[in-house]
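Data block below; observations after.
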There are 4 protein chains.
Amino acid sequence: MAANSFGDFLKIHSFGESHGRALGVVIDGLPAGLEFREDLLLSALDRRRPGQNALVSGRQEGDRPEILSGLYQNKSLGTPLTVVVWNQDARSQDYAAIAESPRAGHADDVWKTKFGHSDPRGGGRSSGRETLSRVIAGAFARMLVERLQPSTQILSFAEQIGPHSLTAEEFQKAAEMPPEKIDAFPARFPSSTHSAAVEQLLLKAKVDGKSYGGKASLLVKSAPSGLGRPVFHKLKSDFAQAFMSIGATISFELGDGLEALDQEGSQFHRQGEKPYGGIRGGISTGEDILLRVGFKPTSSVMDVAKKGRHDPCIVPRALPVMEAMAWLVLANQILARRLDRI
Amino acid sequence: MAANSFGDFLKIHSFGESHGRALGVVIDGLPAGLEFREDLLLSALDRRRPGQNALVSGRQEGDRPEILSGLYQNKSLGTPLTVVVWNQDARSQDYAAIAESPRAGHADDVWKTKFGHSDPRGGGRSSGRETLSRVIAGAFARMLVERLQPSTQILSFAEQIGPHSLTAEEFQKAAEMPPEKIDAFPARFPSSTHSAAVEQLLLKAKVDGKSYGGKASLLVKSAPSGLGRPVFHKLKSDFAQAFMSIGATISFELGDGLEALDQEGSQFHRQGEKPYGGIRGGISTGEDILLRVGFKPTSSVMDVAKKGRHDPCIVPRALPVMEAMAWLVLANQILARRLDRI
Amino acid sequence: MAANSFGDFLKIHSFGESHGRALGVVIDGLPAGLEFREDLLLSALDRRRPGQNALVSGRQEGDRPEILSGLYQNKSLGTPLTVVVWNQDARSQDYAAIAESPRAGHADDVWKTKFGHSDPRGGGRSSGRETLSRVIAGAFARMLVERLQPSTQILSFAEQIGPHSLTAEEFQKAAEMPPEKIDAFPARFPSSTHSAAVEQLLLKAKVDGKSYGGKASLLVKSAPSGLGRPVFHKLKSDFAQAFMSIGATISFELGDGLEALDQEGSQFHRQGEKPYGGIRGGISTGEDILLRVGFKPTSSVMDVAKKGRHDPCIVPRALPVMEAMAWLVLANQILARRLDRI
Amino acid sequence: MAANSFGDFLKIHSFGESHGRALGVVIDGLPAGLEFREDLLLSALDRRRPGQNALVSGRQEGDRPEILSGLYQNKSLGTPLTVVVWNQDARSQDYAAIAESPRAGHADDVWKTKFGHSDPRGGGRSSGRETLSRVIAGAFARMLVERLQPSTQILSFAEQIGPHSLTAEEFQKAAEMPPEKIDAFPARFPSSTHSAAVEQLLLKAKVDGKSYGGKASLLVKSAPSGLGRPVFHKLKSDFAQAFMSIGATISFELGDGLEALDQEGSQFHRQGEKPYGGIRGGISTGEDILLRVGFKPTSSVMDVAKKGRHDPCIVPRALPVMEAMAWLVLANQILARRLDRI
């Protein structure tokens with residue numbers, strides 16, 4: 001029941017199976033008069049696209065978005081904005097064996113248990129390709145946020161890839177990099193010291209059919225204050241739901257999160273030392289916000305037939321999806337603020 | 001906008017300020033014919049109540065729930081079930097100084113920023129007392145789940161209190177304990193070896209006006225399979241939203257979570273070794289599910305006037321609230337399954 | 001499932017059975033900083049209250065609303081505002097016979113069929129007493145609308161009582177009357193010529209245990225333009241849902257409605273002659289809006305034991321409920337406009 | 001904000017402007033395993049399509065639906081089912097003059113007022129072409145209802161066209177006709193005596209650029225009992241919202257509606273004489289249900305350039321749209337019943 005919708009104000013309705021006719025999204029609630037920025041849409045899709053280097057799945061999708069409704073003269077109409085992407089490189093034969101031998105750790109069998117009838121081709125709707133709809137919607141959410149709160153920025157990078165983690169110093173440097181610079185690092189892991197080792201690890205894993213977990217960091221910079229709706233739509237609660245709805249996620253942290261659990265309170269709350277503590281009482285304070293998400297090792301690695309085309313670590317591909325969800329959360333909370341006061 | 005509602009099928013509407021006239025909850029969507037179990041409601045409130053020992057805040061509330069609607073002859077009518085609890089021990093003079101000096105780390109000032117007009121008495125609706133509504137609603141959700149899926153159980157305990165953590169062996173023993181036994185441990189931290197040290201730490205913190213973070217574990221045992229609605233209401237996503245809507249939470253983990261991030265995939269997915277991996281593709285598999293939530297040190301510790309009455313660690317008090325939210329998530333997903341198939 | 005909620009922005013959650021402990025409403029979405037006007041709340045309840053003259057049901061309720069949450073220093077907090085009214089004059093013995101002999105035309109038996117378990121005391125939640133929650137919520141909606149759109153007014157009156165209808169001239173005069181003057185007419189039927197006849201008809205019907213249908217008119221004066229959200233929340237669609245959710249309603253008309261069906265279009269659309277055509281394309285134009293609702297004869301008339309206490313025509317009592325629903329529709333659509341444009 | 005969605009359980013998301021790239025609908029909540037019946041989809045579209053005879057607008061659309069997602073091996077997957085229809089015969093030049101001279105009675109100018117930015121081409125989203133999405137969704141709702149409640153049927157016909165109305169006898173005969181027979185009458189007005197006169201009236205109106213109002217009747221036969229969710233989703237309330245969301249509607253009646261207003265109650269409630277009174281207390285009784293909807297004269301008649309292609313009376317075209325909305329209401333209420341009882 002409407003479990004494919006996200007958001008209360010800028011509401012998105014996602015649809016499509018990975019090997020069906022098309023995937024897409026209906027975006028309802030975009031205020032009228034918003035200028036469409038094709039650059040933001042295409043760059044979001046480009047950054048999501050697998051295959052840009054040897055470390056991510058080799059499938060060349062070349063997905064071209066087609067806008068079906070909601071725009072006129074390059075501006076939003078206040079009507080539902082719909083975008084589809086056609087499935088071209090279906091290659092469902094790759095997945096023919098799935099019915100007999102469900103992939104370990106994959107969703108195929110649980111979908112079958114739940115619905116009785118499911119689509120075995122490439123995971124159907126449980127495929128990672130579903131995130132296309134999110135990335136498209138996120139680009140429109142970003143257009144909205146950039147129009148209403150131009151100073152707000154989102155930056156994400158891999159903080160951990162399997163056994164390799166950024167040092168505290170590398171983390172601080174990464175937090176100040178422009179996005180393009182992070183994209184230039186192998187696996188979007190912005191380490192000057194471990195970069196080569198990570199690349200080696202993943203290239204070898206690709207050959208060996210192995211995979212690794214990891215952790216992503218996402219920074220919301222110059223977020224407006226006052227975002228978050230008590231008590232069930234606290235800002236951290238919305239981010240948690242958004243990120244944990246992405247496949248393969250297994251943890252969510254706010255700020256320093258788990259590292260701070262053993263601290264004594266007066267230390268924890270000392271002002272001026274926590275640069276990323278920007279949520280209090282569930283509401284943004286105006287300071288930068290740090291969100292971290294852990295991902296388990298990808299599951300399709302066990303499928304021998306797919307060796308060489310699988311993702312040895314999902315984190316680099318997940319970053320643009322996390323960014324999209326973060327833009328959607330921000331857009332909803334920013335619109336919600338219009339109703340806070342009389 | 002309706003940010004005080006939780007759930008799609010068993011929908012709860014929470015209300016009340018900590019020092020207003022009353023708090024309560026409207027529960028809409030309870031199917032007709034469910035027998036009311038007063039024992040479950042009262043025991044949930046008893047377990048939530050602070051003051052049962054020296055380690056939690058000394059306020060003796062003695063909250064008595066009053067049912068206003070929705071029951072007839074001890075059975076649910078299919079109409080909204082409403083419960084209120086009156087605020088008796090208001091003691092708002094304790095909080096008189098707040099307007100001038102907002103408590104460090106507390107929500108008072110961000111609420112003021114957001115709404116322009118806010119209730120300074122004891123945190124108003126940002127107070128921990130708001131969780132009363134959740135615990136009441138959770139008790140009804142539990143009645144529903146126990147009626148429809150009698151074998152399902154929920155167990156929670158403190159896994160970490162400040163610098164003290166359960167050992168792997170203690171964790172496994174705790175996971176098999178009856179709830180009463182866990183409640184008997186100081187701070188609900190079921191350790192035979194660290195128990196006394198934790199008690200000492202917290203008693204001293206109470207005197208010194210200090211506080212500690214910690215981590216809670218919650219186990220869903222014998223959960224039915226097939227729970228979780230792709231793609232935005234995956235079971236893990238709903239749990240994450242539910243738990244991260246609780247005050248002071250800063251992290252959420254599914255299963256072994258962060259400890260598994262550096263593992264290689266074939267190891268991670270080896271069957272038979274992960275007893276708590278019961279969610280796949282966002283859908284429950286029927287295996288036990290382990291959920292972990294981190295809490296930051298409580299903020300009111302800085303308020304000198306409150307020394308001796310504050311909670312030196314929020315985890316013990318948060319456990320019944322986490323259980324309530326978990327019952328609500330399960331109840332919603334169990335009802336949702338009625339619509340999965342034709 | 002949440003069928004006791006109304007509204008998307010100013011969302012109300014209604015609860016309570018007619019002979020249970022209490023009835024009430026939670027209002028979520030009221031912006032912070034709205035001044036509470038007790039006069040509007042009490043006058044709305046007074047106008048709803050039966051028993052003010054011989055033509056409406058004799059039960060003297062003297063309902064006193066109690067505000068449980070959402071206000072501080074007489075202003076809304078942006079948190080859920082909750083109001084309850086206690087059931088005092090329960091008199092459920094009057095209804096003892098219902099289980100054996102369901103009232104013709106009444107909802108008792110269909111509720112039993114639907115839910116399996118129902119409350120026979122005075123209709124439980126299918127009783128007209130449920131409208132208390134609506135009238136209370138409507139008063140707060142009115143406070144909001146009067147604050148944001150001070151010129152907007154709502155006026156309602158009985159246009160038809162059984163065989164008696166206002167003349168066109170009487171209708172025009174009524175449309176200009178102050179509300180108090182309409183309340184002073186028997187059965188709120190503002191006719192200088194038929195007033196006495198209507199009074200006689202209803203007094204006799206009360207004695208004889210008879211009842212009559214009728215029609216109500218409601219005018220929205222100086223409504224702001226631009227209200228209505230295409231395509232499923234057109235303003236007329238929201239009004240229709242709101243009014244047809246009231247018991248005993250059997251028809252809804254916009255403007256001249258049915259009288260215009262046989263007209264040719266160029267006549268119908270001639271400008272300047274239709275004073276109440278204020279909705280076009282589902283959106284308000286700024287002109288006055290006329291809404292008409294038909295009510296069937298009340299059903300409890302067949303219950304011999306209730307003769308003398310029943311309502312011989314429901315229309316006079318229904319007017320304040322219609323007004324409440326109209327304020328709620330307006331408040332929601334006015335808040336919605338904040339999101340129309342970038 | 002999500003005003004383009006309808007339904008709580010079988011939720012539809014409608015999109016598309018009349019002269020944009022495409023229109024369509026996402027249907028979320030269709031249980032898995034429902035067999036797709038192409039015949040029902042195509043016949044619904046055929047019956048909606050204008051141009052099948054001289055009495056309806058001459059535009060030959062030949063709309064072919066394309067299913068993008070949600071089906072596999074001809075059965076629903078439990079995922080969102082998406083259907084689009086491409087706009088081919090755009091002909092927007094016809095509407096070039098609109099910006100300068102908005103059509104009397106049409107929505108163009110109010111949309112402009114509301115959103116600031118609107119699509120002048122053929123009414124954009126305020127065009128009648130928007131109903132394509134409804135008819136498609138309605139066909140799937142019908143598949144669901146026919147699978148779950150095979151005996152339930154829906155029949156609709158024109159009861160009044162301008163000055164011509166069916167006699168009581170003709171009405172009773174029409175109520176027993178198969179749908180094909182009604183479609184064979186000019187303007188779907190099943191009168192043996194007035195049929196020719198109505199045809200003449202409309203043909204002349206087409207030439208003269210005139211238009212007429214009218215009234216549609218819709219019968220729900222063998223509806224299951226127990227449909228309707230108190231208090232705000234009573235069955236009559238849902239039907240009212242659904243029908244009044246259709247363009248040009250100005251009235252809604254349940255059963256004999258307005259004709260019964262002057263009746264005395266004991267007459268009105270006499271059993272056995274009202275064959276179409278199948279809703280009581282807002283809940284279906286299992287008896288047949290009669291719903292009537294009035295339509296104002298179409299507005300585009302004043303546009304001189306469109307003479308000869310306009311609809312002289314909207315009722316015949318509106319019938320398939322009403323049927324679609326009725327199937328959607330039934331499907332939602334039938335699914336909702338799964339949650340009524342424990």
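Each chain of the structure tokens is named A, B, ... in the order shown, its residues numbered from 1; ligands are numbered from 1 in display order.
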
Can you pull out every residue within 8 Å of Ala137 in chain D, counting only C-alpha atoms, but drop anything in the same chain fewer than 6 positions away, and send it as a PDB file with all heavy atoms, in the first residue's frame?
```pdb
ATOM      1  N   ILE D  12      -3.884   5.562  -6.457  1.00  0.00           N
ATOM      2  CA  ILE D  12      -3.471   5.903  -7.815  1.00  0.00           C
ATOM      3  C   ILE D  12      -2.848   7.293  -7.828  1.00  0.00           C
ATOM      4  O   ILE D  12      -3.237   8.181  -7.083  1.00  0.00           O
ATOM      5  CB  ILE D  12      -4.631   5.828  -8.817  1.00  0.00           C
ATOM      6  CG1 ILE D  12      -5.652   6.954  -8.583  1.00  0.00           C
ATOM      7  CG2 ILE D  12      -5.322   4.469  -8.759  1.00  0.00           C
ATOM      8  CD1 ILE D  12      -6.608   7.142  -9.742  1.00  0.00           C
ATOM      9  N   VAL D  25      -0.786   6.936 -15.323  1.00  0.00           N
ATOM     10  CA  VAL D  25      -1.140   6.712 -13.938  1.00  0.00           C
ATOM     11  C   VAL D  25      -0.238   5.632 -13.344  1.00  0.00           C
ATOM     12  O   VAL D  25       0.139   4.682 -14.029  1.00  0.00           O
ATOM     13  CB  VAL D  25      -2.633   6.327 -13.824  1.00  0.00           C
ATOM     14  CG1 VAL D  25      -2.918   4.974 -14.475  1.00  0.00           C
ATOM     15  CG2 VAL D  25      -3.118   6.337 -12.389  1.00  0.00           C
ATOM     16  N   ILE D  27      -0.360   2.944 -10.323  1.00  0.00           N
ATOM     17  CA  ILE D  27      -1.317   2.297  -9.415  1.00  0.00           C
ATOM     18  C   ILE D  27      -0.519   1.521  -8.382  1.00  0.00           C
ATOM     19  O   ILE D  27       0.150   0.543  -8.709  1.00  0.00           O
ATOM     20  CB  ILE D  27      -2.248   1.354 -10.197  1.00  0.00           C
ATOM     21  CG1 ILE D  27      -2.917   2.106 -11.346  1.00  0.00           C
ATOM     22  CG2 ILE D  27      -3.276   0.726  -9.268  1.00  0.00           C
ATOM     23  CD1 ILE D  27      -3.642   1.194 -12.332  1.00  0.00           C
ATOM     24  N   ALA D 324     -15.299   4.498 -13.718  1.00  0.00           N
ATOM     25  CA  ALA D 324     -13.925   4.265 -13.260  1.00  0.00           C
ATOM     26  C   ALA D 324     -13.756   4.676 -11.808  1.00  0.00           C
ATOM     27  O   ALA D 324     -13.197   3.946 -10.985  1.00  0.00           O
ATOM     28  CB  ALA D 324     -12.942   5.035 -14.149  1.00  0.00           C
ATOM     29  N   LEU D 328     -12.919   2.402  -8.443  1.00  0.00           N
ATOM     30  CA  LEU D 328     -11.817   2.721  -7.522  1.00  0.00           C
ATOM     31  C   LEU D 328     -12.302   2.822  -6.070  1.00  0.00           C
ATOM     32  O   LEU D 328     -11.648   2.333  -5.145  1.00  0.00           O
ATOM     33  CB  LEU D 328     -11.133   4.026  -7.944  1.00  0.00           C
ATOM     34  CG  LEU D 328     -10.218   3.893  -9.163  1.00  0.00           C
ATOM     35  CD1 LEU D 328      -9.894   5.255  -9.768  1.00  0.00           C
ATOM     36  CD2 LEU D 328      -8.919   3.176  -8.767  1.00  0.00           C
TER      37      LEU D 328
END
```

Could you work out which residues of chain B fall inside 7 Å of chain D? Count only C-alpha atoms, and format the result as a PDB file with all heavy atoms, in the first residue's frame.
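Listed below is the output, part_11.pdb:
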```pdb
ATOM      1  N   PRO B  31      -8.167  -3.362  14.686  1.00  0.00           N
ATOM      2  CA  PRO B  31      -9.332  -4.118  14.206  1.00  0.00           C
ATOM      3  C   PRO B  31     -10.309  -4.384  15.354  1.00  0.00           C
ATOM      4  O   PRO B  31      -9.904  -4.472  16.519  1.00  0.00           O
ATOM      5  CB  PRO B  31      -8.714  -5.432  13.703  1.00  0.00           C
ATOM      6  CG  PRO B  31      -7.276  -5.124  13.454  1.00  0.00           C
ATOM      7  CD  PRO B  31      -6.912  -4.069  14.459  1.00  0.00           C
ATOM      8  N   ALA B  32     -11.566  -4.519  15.021  1.00  0.00           N
ATOM      9  CA  ALA B  32     -12.589  -4.786  16.028  1.00  0.00           C
ATOM     10  C   ALA B  32     -12.438  -6.197  16.589  1.00  0.00           C
ATOM     11  O   ALA B  32     -12.022  -7.116  15.892  1.00  0.00           O
ATOM     12  CB  ALA B  32     -13.978  -4.604  15.427  1.00  0.00           C
ATOM     13  N   GLY B  33     -12.783  -6.324  17.851  1.00  0.00           N
ATOM     14  CA  GLY B  33     -12.812  -7.652  18.462  1.00  0.00           C
ATOM     15  C   GLY B  33     -11.553  -8.047  19.199  1.00  0.00           C
ATOM     16  O   GLY B  33     -11.461  -9.166  19.710  1.00  0.00           O
ATOM     17  N   LEU B  34     -10.588  -7.138  19.274  1.00  0.00           N
ATOM     18  CA  LEU B  34      -9.359  -7.450  20.013  1.00  0.00           C
ATOM     19  C   LEU B  34      -9.620  -7.307  21.504  1.00  0.00           C
ATOM     20  O   LEU B  34     -10.090  -6.272  21.973  1.00  0.00           O
ATOM     21  CB  LEU B  34      -8.239  -6.491  19.595  1.00  0.00           C
ATOM     22  CG  LEU B  34      -6.907  -6.662  20.350  1.00  0.00           C
ATOM     23  CD1 LEU B  34      -6.258  -8.000  20.006  1.00  0.00           C
ATOM     24  CD2 LEU B  34      -5.953  -5.518  20.026  1.00  0.00           C
ATOM     25  N   GLY B  78     -13.218  -1.201  16.845  1.00  0.00           N
ATOM     26  CA  GLY B  78     -12.902  -0.793  15.476  1.00  0.00           C
ATOM     27  C   GLY B  78     -12.967   0.717  15.335  1.00  0.00           C
ATOM     28  O   GLY B  78     -12.818   1.248  14.242  1.00  0.00           O
ATOM     29  N   ARG B 338      -1.919  -8.401   5.032  1.00  0.00           N
ATOM     30  CA  ARG B 338      -3.251  -8.818   4.568  1.00  0.00           C
ATOM     31  C   ARG B 338      -3.556  -8.318   3.165  1.00  0.00           C
ATOM     32  O   ARG B 338      -4.533  -8.740   2.542  1.00  0.00           O
ATOM     33  CB  ARG B 338      -4.324  -8.298   5.543  1.00  0.00           C
ATOM     34  CG  ARG B 338      -4.248  -8.908   6.928  1.00  0.00           C
ATOM     35  CD  ARG B 338      -5.435  -8.499   7.780  1.00  0.00           C
ATOM     36  NE  ARG B 338      -5.365  -9.115   9.110  1.00  0.00           N
ATOM     37  CZ  ARG B 338      -6.272  -8.955  10.058  1.00  0.00           C
ATOM     38  NH1 ARG B 338      -7.330  -8.193   9.820  1.00  0.00           N
ATOM     39  NH2 ARG B 338      -6.147  -9.550  11.231  1.00  0.00           N
ATOM     40  N   LEU B 339      -2.758  -7.362   2.707  1.00  0.00           N
ATOM     41  CA  LEU B 339      -3.010  -6.762   1.397  1.00  0.00           C
ATOM     42  C   LEU B 339      -1.966  -7.166   0.363  1.00  0.00           C
ATOM     43  O   LEU B 339      -1.994  -6.677  -0.762  1.00  0.00           O
ATOM     44  CB  LEU B 339      -3.041  -5.238   1.540  1.00  0.00           C
ATOM     45  CG  LEU B 339      -4.127  -4.725   2.497  1.00  0.00           C
ATOM     46  CD1 LEU B 339      -3.888  -3.280   2.863  1.00  0.00           C
ATOM     47  CD2 LEU B 339      -5.506  -4.900   1.864  1.00  0.00           C
ATOM     48  N   ASP B 340      -1.056  -8.044   0.731  1.00  0.00           N
ATOM     49  CA  ASP B 340       0.017  -8.405  -0.195  1.00  0.00           C
ATOM     50  C   ASP B 340      -0.474  -9.172  -1.411  1.00  0.00           C
ATOM     51  O   ASP B 340       0.032  -8.980  -2.517  1.00  0.00           O
ATOM     52  CB  ASP B 340       1.062  -9.288   0.517  1.00  0.00           C
ATOM     53  CG  ASP B 340       2.057  -8.493   1.337  1.00  0.00           C
ATOM     54  OD1 ASP B 340       2.078  -7.256   1.183  1.00  0.00           O
ATOM     55  OD2 ASP B 340       2.801  -9.099   2.127  1.00  0.00           O
ATOM     56  N   ARG B 341      -1.422 -10.055  -1.171  1.00  0.00           N
ATOM     57  CA  ARG B 341      -1.830 -10.941  -2.272  1.00  0.00           C
ATOM     58  C   ARG B 341      -3.320 -10.844  -2.559  1.00  0.00           C
ATOM     59  O   ARG B 341      -4.103 -10.466  -1.722  1.00  0.00           O
ATOM     60  CB  ARG B 341      -1.515 -12.383  -1.894  1.00  0.00           C
ATOM     61  CG  ARG B 341      -0.048 -12.633  -1.588  1.00  0.00           C
ATOM     62  CD  ARG B 341       0.153 -14.086  -1.354  1.00  0.00           C
ATOM     63  NE  ARG B 341       1.517 -14.384  -0.941  1.00  0.00           N
ATOM     64  CZ  ARG B 341       2.022 -15.616  -0.964  1.00  0.00           C
ATOM     65  NH1 ARG B 341       1.260 -16.630  -1.376  1.00  0.00           N
ATOM     66  NH2 ARG B 341       3.252 -15.833  -0.574  1.00  0.00           N
ATOM     67  N   ILE B 342      -3.652 -11.242  -3.717  1.00  0.00           N
ATOM     68  CA  ILE B 342      -5.030 -11.154  -4.192  1.00  0.00           C
ATOM     69  C   ILE B 342      -5.951 -11.993  -3.308  1.00  0.00           C
ATOM     70  O   ILE B 342      -5.649 -13.031  -2.829  1.00  0.00           O
ATOM     71  CB  ILE B 342      -5.122 -11.621  -5.656  1.00  0.00           C
ATOM     72  CG1 ILE B 342      -6.483 -11.293  -6.206  1.00  0.00           C
ATOM     73  CG2 ILE B 342      -4.760 -13.054  -5.867  1.00  0.00           C
ATOM     74  CD1 ILE B 342      -6.719  -9.831  -6.342  1.00  0.00           C
TER      75      ILE B 342
END
```

DSSP-assigned alpha helix (DSSP H) members of range 150-322 of chain C, reported as a PyMOL selection string: chain C and resi 168-174+179-184+195-208+235-244+265-268+315-322

Near-range 173-177 of chain B list (8 Å; only C-alpha atoms; drop same-chain fewer than 5 positions) as a ChimeraX atom specification: /B:155,157,182,190,219

Who sits within 10 Å of Ser69 in chain B, only C-alpha atoms, same chain under 5 positions skipped, as a ChimeraX atom specification: /B:26-27,76-77,79-83 /C:15-24,124-125

Neighbouring residues of Asn4 in chain B were defined as those with any atom within 6 Å, considering only C-alpha atoms; residues of the same chain fewer than 4 positions away were excluded. Please report them as a JSON list (two decimals) with all heavy atoms, in the first residue's frame.
```
[["chain", "number", "residue", "atom", "x", "y", "z"],
["A", 231, "VAL", "N", 6.88, 14.91, 16.59],
["A", 231, "VAL", "CA", 7.88, 14.11, 17.21],
["A", 231, "VAL", "C", 8.33, 12.94, 16.32],
["A", 231, "VAL", "O", 9.39, 12.36, 16.58],
["A", 231, "VAL", "CB", 7.36, 13.54, 18.56],
["A", 231, "VAL", "CG1", 7.06, 14.65, 19.54],
["A", 231, "VAL", "CG2", 6.12, 12.66, 18.36],
["A", 232, "PHE", "N", 7.54, 12.61, 15.28],
["A", 232, "PHE", "CA", 7.90, 11.43, 14.49],
["A", 232, "PHE", "C", 8.64, 11.77, 13.19],
["A", 232, "PHE", "O", 9.09, 10.87, 12.50],
["A", 232, "PHE", "CB", 6.67, 10.56, 14.19],
["A", 232, "PHE", "CG", 6.09, 9.92, 15.42],
["A", 232, "PHE", "CD1", 4.82, 10.24, 15.88],
["A", 232, "PHE", "CD2", 6.84, 9.01, 16.14],
["A", 232, "PHE", "CE1", 4.31, 9.66, 17.03],
["A", 232, "PHE", "CE2", 6.33, 8.41, 17.29],
["A", 232, "PHE", "CZ", 5.06, 8.74, 17.74],
["B", 13, "HIS", "N", -1.83, 8.70, 17.03],
["B", 13, "HIS", "CA", -1.73, 10.15, 17.06],
["B", 13, "HIS", "C", -1.40, 10.54, 18.49],
["B", 13, "HIS", "O", -2.22, 10.41, 19.39],
["B", 13, "HIS", "CB", -3.06, 10.78, 16.63],
["B", 13, "HIS", "CG", -3.59, 10.22, 15.35],
["B", 13, "HIS", "ND1", -2.93, 10.33, 14.15],
["B", 13, "HIS", "CD2", -4.70, 9.49, 15.08],
["B", 13, "HIS", "CE1", -3.62, 9.72, 13.20],
["B", 13, "HIS", "NE2", -4.69, 9.20, 13.73],
["B", 14, "SER", "N", -0.18, 11.02, 18.69],
["B", 14, "SER", "CA", 0.33, 11.33, 20.02],
["B", 14, "SER", "C", 0.09, 12.80, 20.35],
["B", 14, "SER", "O", 0.14, 13.66, 19.47],
["B", 14, "SER", "CB", 1.84, 11.00, 20.03],
["B", 14, "SER", "OG", 2.50, 11.66, 21.06]]
```

Name all residues at most 7 Å from His233 in chain B (count only C-alpha atoms; drop same-chain ones fewer than 5 positions away) and give them as a tab-separated table (two decimals) with N, CA and C atoms, in the first residue's frame.
```tsv
chain	number	residue	atom	x	y	z
A	3	ALA	N	3.71	1.90	-0.62
A	3	ALA	CA	5.02	1.82	-0.01
A	3	ALA	C	6.11	2.26	-0.98
A	245	SER	N	16.27	2.80	3.66
A	245	SER	CA	15.43	2.23	2.61
A	245	SER	C	16.26	1.85	1.38
B	228	GLY	N	7.66	-6.25	5.78
B	228	GLY	CA	8.47	-5.24	5.09
B	228	GLY	C	7.82	-4.93	3.76
B	238	ASP	N	11.62	1.06	8.45
B	238	ASP	CA	10.61	1.43	9.45
B	238	ASP	C	11.18	1.39	10.86
```

Selection near Asn74 in chain A, 6 Å with only C-alpha atoms, sequence-local residues under 2 positions removed, as a ChimeraX atom specification: /A:36,71-72
